[in-house]
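Engineer: Take a look at the following structure, please.
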Amino acid sequence: MEMNNNGAATSSAAAGGGGVSTSTSDSSSAAKRNSKKPKYSRFTQQELPACKPILTPGLVITTFTIIGIIFIPIGLVSLSASEHVVEIVDRYDEGCVPPNYSKDKLAYIQSSLTNKSCTRTLNVPKLMKSPVFIYYQLDNFYQNHRRYVKSRSDKQLRSKAYERDTKSCDPEGFVLDGPIVPCGLIAWSLFNDTYGFSVKSKMLEVNKKNIAWDSDKEHKFGSDVYPKNFQSGGLIGGAKLNSSIPLSEQEDLIVWMRTAALPTFRKLYGRIEEDLQANEQITVVIQNNYNTYSFGGKKKLVLSTTSWIGGKNDFLGIAYISVGGLCLFLAVSFILLYVIKPRPLGDPSYLSWNRSPSGHPN
Amino acid sequence: MAGGRIRARIRRSHLYTFSCLRPSATEEGPHSIEGPGYSRIVHCNQPLMHKKKPLNYRSNYISTTKYNFLTFLPKALYEQFHRVANLYFLGAAIISVTPLSPFSAVSMIAPLAFVVGLSMAKEALEDWRRFMQDMKVNTRKVNVHKEEGIFGNKSWQKVQVGDVVKVEKDQFFPADLLLLSSSYEDGICYVETMNLDGETNLKVKRALEVTLPLDDDEAFKNFTGTIKCEDPNPSLYTFVGNLEYERQLYPLDPSQILLRDSKLRNTAFVYGVVIFTGHDSKVMQNATKSPSKRSRIERKMDYIIYVLFSFLLVISLISSIGFAVKTKFYMPDWWYLQPQSTDDYYNPEKPVVSGVTHLVTALMLYGYLIPISLYVSIEVVKVLQATFINQDIQMYDEETGNPAQARTSNLNEELGQVDTILSDKTGTLTCNQMDFLKCSIAGTAYGVRSSEVELAAAQQMAIDLEDQDVERSTVSRQKGKQQEIELETVVTSKDEKNYKSPIKGFSFEDSRIMKGNWLKEPKADVIKLFFRILAICHTAIPELNEETSSYTYEAESPDEGAFLVAAREFGFEFFKRTQSSVFIHERYSSSGQPIEREFKILNMLEFTSKRKRMTVIVRDEDGQILLLCKGADSIIFDRLSKNGKMYEEDTTRHLNEYGEAGLRTLALAYRKLEESEYSAWNNEFQKAKTSIGADREAMLEKVADMMERELILIGATAVEDKLQKGVPQCIDKLAQAGLKIWVLTGDKMETAINIGYACSLLRQGMKQICITAISSDAKEVVKENILMQITNASQMIKLEKDPHAAFALIIDGKTLAYALGDDMKQQFLGLAVDCASVICCRVSPKQKALVTRLVKEGTGKTTLAIGDGANDVGMIQEADIGVGISGVEGMQAVMASDFSVAQFRFLERLLVVHGHWCYKRIAQMVCYFFYKNIAFGLTLFYFEAFTGFSGQSVYDDWYMLLFNVVLTSLPVISLGVFEQDVSSEVCLQFPALYQQGPRNLFFDWYRILGWMGNGLYSSLIIFFLNIIIFYDQAFRAGGQTADMAALGTTMFTCIIWALNCQIALTMSHFTWIQHLFIWGSIVTWYLFLFIYGMVSPTISGNAYQILVEALAPAPIYWSATLLVTVACNLPYMAHISFQRCFHPLDHHIIQEIKYYRKDVEDQRMWSRERSKARQKTKIGFTARVDAKIRQLRGRLQRKQPSLETHSPMSPS
């Protein structure tokens, strides 16, 4: 824009006074010429100040050493944390089938007449400080299958107003009476084994409150949404829900609805808020209702304490130690290599034209 | 030009004695014009007749744009979806609206729309620029006959067929015109056709006798006529037509046709009738569509894309087969999926259908392997790189005010891989300006100023010798420094001096013969004769510049102009030419008074390339008849009389010196004629002249030859064909960077060789291989002969033992026509590649393009063509990279080019700095891109395998959308735009670094596969470490286990960290921008996660509050991030550390030298390395100096054989 104004000004000047006209037109043409001149700035000339770190052997060795020095302690701490976690795993899917059904487990689990309860005894190997978390673990169960994952309606779960929003829930969206709440395959296949614990014939209280994320309870599952037409169709999947309790308080459902990432997964069942002493025998009465037999999935009951890294997890510690160890190894080998074959930094004799015998790279 | 009054008209056609050689047009009858191809009818001066059919010819409006408003959308869209990758993404976007899609539709459509939109916007912008350029041409004004003999301005686009136009001096012709008359009485005019064929000499056009009276505005009041002629065609040198004027039919031939885009020179004005307009004109018919060029890296990228496509297909197939198997055999057992009530997609009964539909899903899911964002990022990066090229202040030419310009941005990285440069000569290497620099008169050399080449060579020699000194004896560092500074100042001061050259065409300096001092020289009369020859023996016309009241000369060739200016400066001012005489002011004479002298011209024997000499026969005021001759030394020396060889030996020596200094030389000689001798000869000559028949030409030559004998040599001139600023230095640098330079010129062989010397492409001691065609009628014989020459030369090169021997190949256009034939071109190319320099002279524009194609396809290496004129357009378009010289008036070369620079010397910076950077940047960027997308895409695949191949992704749709668009795009763009391995000064100081590009060190398969392997490794690490860490147990003290969202988010965090740390490791140059983008991307991810967690769970789903509530409080989330990030980058880090420590590349070492400031501490080492950092080169003056040093040393060694052991550095 400025240029235009300039041009106009000079041309009018040229028209006005004859004598000056040449000089002004000269300057205007010069200005016009210079208008194409790139403006200098460090940015456009690619001369911005920059730090140009280079990987000197010193830096490399230091970096590797530091990583090693940091990682190995982290690994040790993680390992020790993992060591302190006490975990009891009991697989009960097979043991809980009466021997006469062992050939046809599916018939057993699908029949409504058979006795599903089953008693197991667990031995506490070490002192388990409260809270002791109770998990059920399913195996070969594809909660992450796309058909499964998509089969839910977050809107419906959240508010009563979207009750009929069951588009994504097929084939568990509607029954004759209206929409199913909660709809979809996930809710429909809700896990329904139950566990009762006792130590020395004293019942252990299982706290099933606050096993789900607070945000889920408060914001994702509506307090005004009540189960409706649930498990009332032709097919009964898993657990039934008490239709007088709003979804936001159905914590088992909320936990179940958080689909697991892998086909083997644990989900929180409840907490025992008492210490379990070493070598105590825990009696568990299981209502073995859930059908994993048709797809050959294992069912496990897990009791576990936690540490800061969560449950029992040796891998993290081992991985840290190995990476740290590898770094130290690299550091040492670099030192060795460097001692054996030192190269002064910035030594021009390493330039290609000094190295190749002909004197020039070709 | 301003103010210079046009001189009085003179009749001058008789000056051209050889013009009678031209077949006279009137001898033949009118052409018989009928049948197809000859349908054009033009009603002269009646443009209105051409308003309606069938004479409604095309308007003079030209358009070179690709699109217009209507066609833009469909055409541009077609162009876009022509690319396989884009088509794939289009398909994916269409499917994404169906339930088959694993992602939401917006996450597929948005990036595609962005990519396509951006590319189309770029197209539109480029087309707009083209449109503006067209408009500039279309709105040029020309004087057109309106009515009643009144002429008025009209814009070019309004010019119609049949219009009479008046074109004035130095204007372009707006259309193809029939010349009616000119300011000269005999209707000739001079035309410069540089834009058409690149020839700089002027062409004479000649109007028909019958139209000559139409030479002022009034005459066109009632002028009418009808032209019947050929239809529009691209042949520039033919024209067939008839003019019907005053009920008579006259034949027309090409010499009456003025072609569009050529320029009127030396003629005040011409009148012409428009015959062909706009796209019908010959030059526009010649225009070829500019081919779309793609860079080598981009083409290779296509292969990689294909590899990735196949890879994608393979894993998609695996996935869909897996899915079909799972669905058929396992799905019936998975009651929780209700297999009995599914649609086709999950139906266990129809595994094939579900398998096939899943293939579609999988192809989309793994689409992340094909980085859609790669294209858009590359586009963005290249546009920014191009901006940097445009903005480079060091490629801005103050004189013409033109900056360098990247006209297309998709070849930036190609600049870093150039192997061969094919250069035009005139206007590119030279300014087409001659300077009289030296002369040798009567065996004495005059002229003290050195030529540019000498200066530059001397400088280089000084530097190199100094280095050698330093090597041998440890001279104090201080001194070396001082010398270098001195040299530097010499360079700059010299440049300034050149810039303010006082007299155009004259840079002679020698007090012995200037300002009349020659009178005191011993052989003053010889000197006087010498100057007289300069002033008389020419065909130029003087022109008085009224402002300065001095004469300027309109000469046919710039050499002649330089001679006249020189003669003027020496005091022999040529000021007037009449029909039969030449008038000269002699300022210094024995009497001390300025004298006006008249020389009667008796005969003039014109210069032709065959004769290589020019002769005038004059009678001076004393009645003495003199024959004055100037010509090529070899020709003149052959014609010397016995007693005329007095100065031959000295002159020969001087001529050799001049030749080596890159000067154009001519020898001058004279002969005194007796009256009787002359009249006898003249009779012969007149007879030959008037004879009619085929052998007239031969006869004339024979007669002329008879006279030009028994000459007496008096001296020689040396004219500097002024090279453009910095050309020898630039050629030297480019040669050191390992580039091969070929010169393709339309000029004569001698001129081309001279320029070869001037810019050090040739040097003394180089073996010149001249391949010429023998003159024989039988094509086969010629062919065989050429083939033999080629094979002989190749044999000679093969047998050459001396490693320093250099060969130069010189070939002319006629020979080239054979050599480029299919049966011979491979041998020719083989020979050319073995030669250090190749000069092709007398080549046509088409041959230029053919040679370019031969080099391009024959060697498979990248070629760059540089030129300034329309005759270079073919080669500019044919080469991998076309560079146009901007600043000259014709814009054709620039319009056709990919890059334009104002001067040849900017090529150095364009290639060595920008090319080097862009190549590395793009190569690194593309490699990183593949790494990043493989690392990310494969995690999707692994996870899918764990979901029964159902196509579920572990990441939220939004994460995936942001991955390419926001979270990882800016760092990689900053890598592509700002990365610098070494600074621009170092690039220039170490031209050898450039070879990293042509050798493709950074984008070879080894490296690409390495990066892909790295991507594979990273994906494995990211996925499996996270899977195992978050396997089944609680991931925090609260006892909760990780669900899919938690695992996905953690994995994604790891990816963001790992990829960004990886790019930080890749870079070696961090400005605040890189820091901002890299670390900003990581911060953005956390910010996004935080904000995304805040929005309603109906949108964020399972990611609701995930960071705040679930992940951030869990130490395992952070420790997993740290572990994975380090583990991912460890191998790469170890690799580059190892490589740098033990196999450093050149730029590594230089980085270290710079880092430790060793270049400042040890400047001797620095300058030594700088001088060593050259590719082995046999051209350029460095090579010349080396040769000289070798020669000197050879002599030295012969004297002192013991020295041999002492020479640590062998120059090469």
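Just remember, in the structure tokens the first chain shown is A, the second B, etc., residues are 1-based per chain, and ligands are 1-based in the order shown.
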Please determine the contact residues of chain B with respect to chain A at a cut-off of 7 Å, counting only C-alpha atoms, and supply them as a PDB file with C-alpha atoms, in the first residue's frame.

Structural biologist:
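Dumped to iface-v1.pdb:
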```
ATOM      1  CA  ASP B 333     -19.264 -69.467  21.169  1.00  0.00           C
ATOM      2  CA  TRP B 334     -19.149 -65.843  22.150  1.00  0.00           C
ATOM      3  CA  TYR B 336     -22.106 -62.153  24.820  1.00  0.00           C
ATOM      4  CA  LEU B 337     -21.904 -60.876  21.257  1.00  0.00           C
ATOM      5  CA  SER B 341     -28.724 -61.975  15.744  1.00  0.00           C
ATOM      6  CA  PHE B 388      13.192 -18.520   2.180  1.00  0.00           C
ATOM      7  CA  GLN B 391      13.616 -13.846   0.654  1.00  0.00           C
ATOM      8  CA  ASP B 392      17.312 -14.553   0.493  1.00  0.00           C
ATOM      9  CA  ILE B 393      18.876 -11.156   0.445  1.00  0.00           C
ATOM     10  CA  TYR B 396      18.991 -10.268  -4.648  1.00  0.00           C
ATOM     11  CA  GLY B 401      16.233  -5.283  -8.616  1.00  0.00           C
ATOM     12  CA  ASN B 402      15.284  -8.897  -8.947  1.00  0.00           C
ATOM     13  CA  PRO B 403      15.359 -11.334  -6.102  1.00  0.00           C
ATOM     14  CA  PHE B 946      -5.857 -58.737  20.537  1.00  0.00           C
ATOM     15  CA  THR B 947      -9.462 -57.836  19.870  1.00  0.00           C
ATOM     16  CA  GLY B 948     -10.158 -60.855  17.719  1.00  0.00           C
ATOM     17  CA  SER B 950     -12.546 -56.959  15.033  1.00  0.00           C
ATOM     18  CA  GLY B 951     -11.197 -53.600  13.962  1.00  0.00           C
ATOM     19  CA  GLN B 952     -11.401 -51.940  17.306  1.00  0.00           C
ATOM     20  CA  ILE B1029       2.757 -53.104  32.383  1.00  0.00           C
ATOM     21  CA  ASP B1032      -4.372 -57.275  34.410  1.00  0.00           C
ATOM     22  CA  GLN B1033      -3.399 -56.051  37.797  1.00  0.00           C
ATOM     23  CA  ALA B1034      -4.396 -52.822  39.423  1.00  0.00           C
ATOM     24  CA  PHE B1035      -2.478 -49.860  38.047  1.00  0.00           C
ATOM     25  CA  ARG B1036      -2.766 -47.653  41.079  1.00  0.00           C
ATOM     26  CA  ALA B1037      -3.013 -47.814  44.799  1.00  0.00           C
ATOM     27  CA  GLY B1039      -7.086 -50.897  43.259  1.00  0.00           C
ATOM     28  CA  GLN B1040      -8.692 -50.025  39.908  1.00  0.00           C
ATOM     29  CA  THR B1041      -7.596 -51.917  36.855  1.00  0.00           C
ATOM     30  CA  ASP B1043      -9.577 -50.224  31.015  1.00  0.00           C
ATOM     31  CA  MET B1044      -9.180 -49.665  27.318  1.00  0.00           C
ATOM     32  CA  LEU B1047      -4.334 -48.135  28.358  1.00  0.00           C
ATOM     33  CA  SER B1068      20.978 -30.562  14.997  1.00  0.00           C
ATOM     34  CA  HIS B1069      19.770 -27.000  14.931  1.00  0.00           C
ATOM     35  CA  PHE B1070      17.425 -25.665  17.569  1.00  0.00           C
ATOM     36  CA  THR B1071      16.035 -22.204  17.391  1.00  0.00           C
ATOM     37  CA  PRO B1097     -18.866 -37.394  28.684  1.00  0.00           C
ATOM     38  CA  THR B1098     -21.301 -37.747  25.806  1.00  0.00           C
ATOM     39  CA  GLN B1105     -11.645 -36.996  33.336  1.00  0.00           C
ATOM     40  CA  PRO B1115       2.877 -43.188  39.322  1.00  0.00           C
ATOM     41  CA  ILE B1116       2.866 -46.112  36.935  1.00  0.00           C
ATOM     42  CA  LEU B1123      10.505 -46.125  30.357  1.00  0.00           C
ATOM     43  CA  ALA B1127      13.564 -47.524  25.414  1.00  0.00           C
ATOM     44  CA  SER B1137      26.481 -41.707  18.759  1.00  0.00           C
ATOM     45  CA  CYS B1141      32.208 -41.132  17.116  1.00  0.00           C
ATOM     46  CA  ASP B1146      31.987 -34.485   6.936  1.00  0.00           C
ATOM     47  CA  ILE B1149      33.388 -32.931  11.848  1.00  0.00           C
ATOM     48  CA  ILE B1150      32.645 -29.448  10.678  1.00  0.00           C
ATOM     49  CA  GLU B1152      32.495 -30.092  15.904  1.00  0.00           C
ATOM     50  CA  ILE B1153      35.096 -27.710  14.579  1.00  0.00           C
ATOM     51  CA  ALA B1173      37.246 -29.480   0.445  1.00  0.00           C
ATOM     52  CA  GLN B1175      35.767 -32.297  -5.511  1.00  0.00           C
ATOM     53  CA  LYS B1176      38.346 -33.455  -7.914  1.00  0.00           C
TER      54      LYS B1176
END
```

Engineer: So that I can see what lies close to B:Ile62, please list as a PyMOL selection string the residues with an atom at most 10 Å from it, counting only C-alpha atoms and leaving out residues fewer than 6 positions away in the same chain.

Structural biologist: chain B and resi 131+134-135+137-138+156-157+277-280+284

Engineer: Let's see if you can do this: from backbone DSSP, list all strand (DSSP E or B) residues in stretch 759-975 of chain B, as a PyMOL selection string.

Structural biologist: chain B and resi 767-771+807-812+837-841+862-867+881-885+899-901

Engineer: With N, CA and C atoms retained, export the selected residues as a CSV table (one decimal), in the first residue's frame.

Structural biologist:
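Contents of part_33.csv, freshly written:
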```csv
chain,number,residue,atom,x,y,z
B,767,LYS,N,43.2,-31.3,-23.4
B,767,LYS,CA,43.1,-31.8,-24.8
B,767,LYS,C,41.7,-31.6,-25.3
B,768,GLN,N,41.6,-30.8,-26.4
B,768,GLN,CA,40.3,-30.5,-27.0
B,768,GLN,C,40.0,-31.6,-28.0
B,769,ILE,N,38.8,-32.1,-27.9
B,769,ILE,CA,38.3,-33.0,-28.9
B,769,ILE,C,37.2,-32.3,-29.6
B,770,CYS,N,37.5,-31.9,-30.8
B,770,CYS,CA,36.5,-31.2,-31.7
B,770,CYS,C,35.9,-32.2,-32.6
B,771,ILE,N,34.6,-32.4,-32.5
B,771,ILE,CA,34.0,-33.3,-33.4
B,771,ILE,C,33.2,-32.5,-34.4
B,807,PHE,N,40.1,-33.5,-20.7
B,807,PHE,CA,39.6,-33.5,-22.0
B,807,PHE,C,38.4,-32.5,-22.1
B,808,ALA,N,38.3,-31.9,-23.3
B,808,ALA,CA,37.2,-31.0,-23.5
B,808,ALA,C,36.6,-31.5,-24.8
B,809,LEU,N,35.3,-31.6,-24.8
B,809,LEU,CA,34.6,-32.0,-26.0
B,809,LEU,C,33.9,-30.8,-26.6
B,810,ILE,N,34.2,-30.5,-27.8
B,810,ILE,CA,33.5,-29.4,-28.5
B,810,ILE,C,32.8,-29.9,-29.7
B,811,ILE,N,31.6,-29.6,-29.9
B,811,ILE,CA,30.8,-30.2,-31.0
B,811,ILE,C,29.9,-29.1,-31.5
B,812,ASP,N,29.6,-29.2,-32.8
B,812,ASP,CA,28.7,-28.1,-33.3
B,812,ASP,C,27.4,-28.7,-33.6
B,837,SER,N,34.9,-30.9,-19.7
B,837,SER,CA,33.9,-29.9,-20.1
B,837,SER,C,33.4,-30.3,-21.5
B,838,VAL,N,32.2,-29.9,-21.7
B,838,VAL,CA,31.5,-30.2,-22.9
B,838,VAL,C,30.9,-28.8,-23.4
B,839,ILE,N,31.3,-28.5,-24.6
B,839,ILE,CA,30.7,-27.3,-25.2
B,839,ILE,C,30.0,-27.6,-26.5
B,840,CYS,N,28.8,-27.3,-26.6
B,840,CYS,CA,28.1,-27.5,-27.9
B,840,CYS,C,27.7,-26.2,-28.4
B,841,CYS,N,28.2,-25.9,-29.7
B,841,CYS,CA,27.9,-24.6,-30.2
B,841,CYS,C,27.0,-24.8,-31.4
B,862,THR,N,20.5,-36.1,-12.1
B,862,THR,CA,19.7,-34.9,-12.1
B,862,THR,C,20.4,-33.8,-12.9
B,863,THR,N,19.6,-33.2,-13.8
B,863,THR,CA,20.2,-32.1,-14.6
B,863,THR,C,19.5,-30.8,-14.3
B,864,LEU,N,20.3,-29.8,-14.5
B,864,LEU,CA,19.7,-28.4,-14.3
B,864,LEU,C,20.1,-27.7,-15.5
B,865,ALA,N,19.1,-27.0,-16.1
B,865,ALA,CA,19.3,-26.2,-17.3
B,865,ALA,C,19.1,-24.7,-16.9
B,866,ILE,N,20.1,-23.9,-17.3
B,866,ILE,CA,19.9,-22.5,-17.0
B,866,ILE,C,20.0,-21.7,-18.3
B,867,GLY,N,19.2,-20.7,-18.4
B,867,GLY,CA,19.2,-19.9,-19.6
B,867,GLY,C,18.3,-18.7,-19.4
B,881,ILE,N,15.5,-29.6,-13.5
B,881,ILE,CA,15.3,-28.3,-12.9
B,881,ILE,C,15.6,-27.3,-14.0
B,882,GLY,N,14.7,-26.4,-14.2
B,882,GLY,CA,14.9,-25.3,-15.1
B,882,GLY,C,15.1,-24.0,-14.4
B,883,VAL,N,16.2,-23.3,-14.7
B,883,VAL,CA,16.4,-22.0,-14.0
B,883,VAL,C,16.5,-21.0,-15.1
B,884,GLY,N,15.7,-19.9,-14.9
B,884,GLY,CA,15.7,-18.8,-15.8
B,884,GLY,C,16.4,-17.6,-15.2
B,885,ILE,N,17.1,-16.9,-16.1
B,885,ILE,CA,17.8,-15.7,-15.7
B,885,ILE,C,16.7,-14.5,-15.8
B,899,PHE,N,12.9,-22.1,-11.2
B,899,PHE,CA,13.5,-21.1,-10.4
B,899,PHE,C,14.0,-20.0,-11.3
B,900,SER,N,14.0,-18.8,-10.8
B,900,SER,CA,14.6,-17.8,-11.5
B,900,SER,C,15.6,-17.0,-10.6
B,901,VAL,N,16.7,-16.7,-11.2
B,901,VAL,CA,17.7,-15.9,-10.5
B,901,VAL,C,18.1,-14.8,-11.4
```

Engineer: If you run DSSP on this backbone, which residues of stretch 819-1028 of chain B come out as alpha helix (DSSP H), and could you give them as a ChimeraX atom specification?

Structural biologist: /B:819,825-834,845-859,873-878,892-896,906-908,916-946,957-962,969-978,984-989,1005-1020,1026-1028

Engineer: Tell me, as a ChimeraX atom specification, which residues lie within 8 Å of stretch 408-411 of chain B, counting only C-alpha atoms; anything in the same chain fewer than 2 positions away does not count.

Structural biologist: /B:293-295,379,382-383,385-386,406,413-415,881,898-899
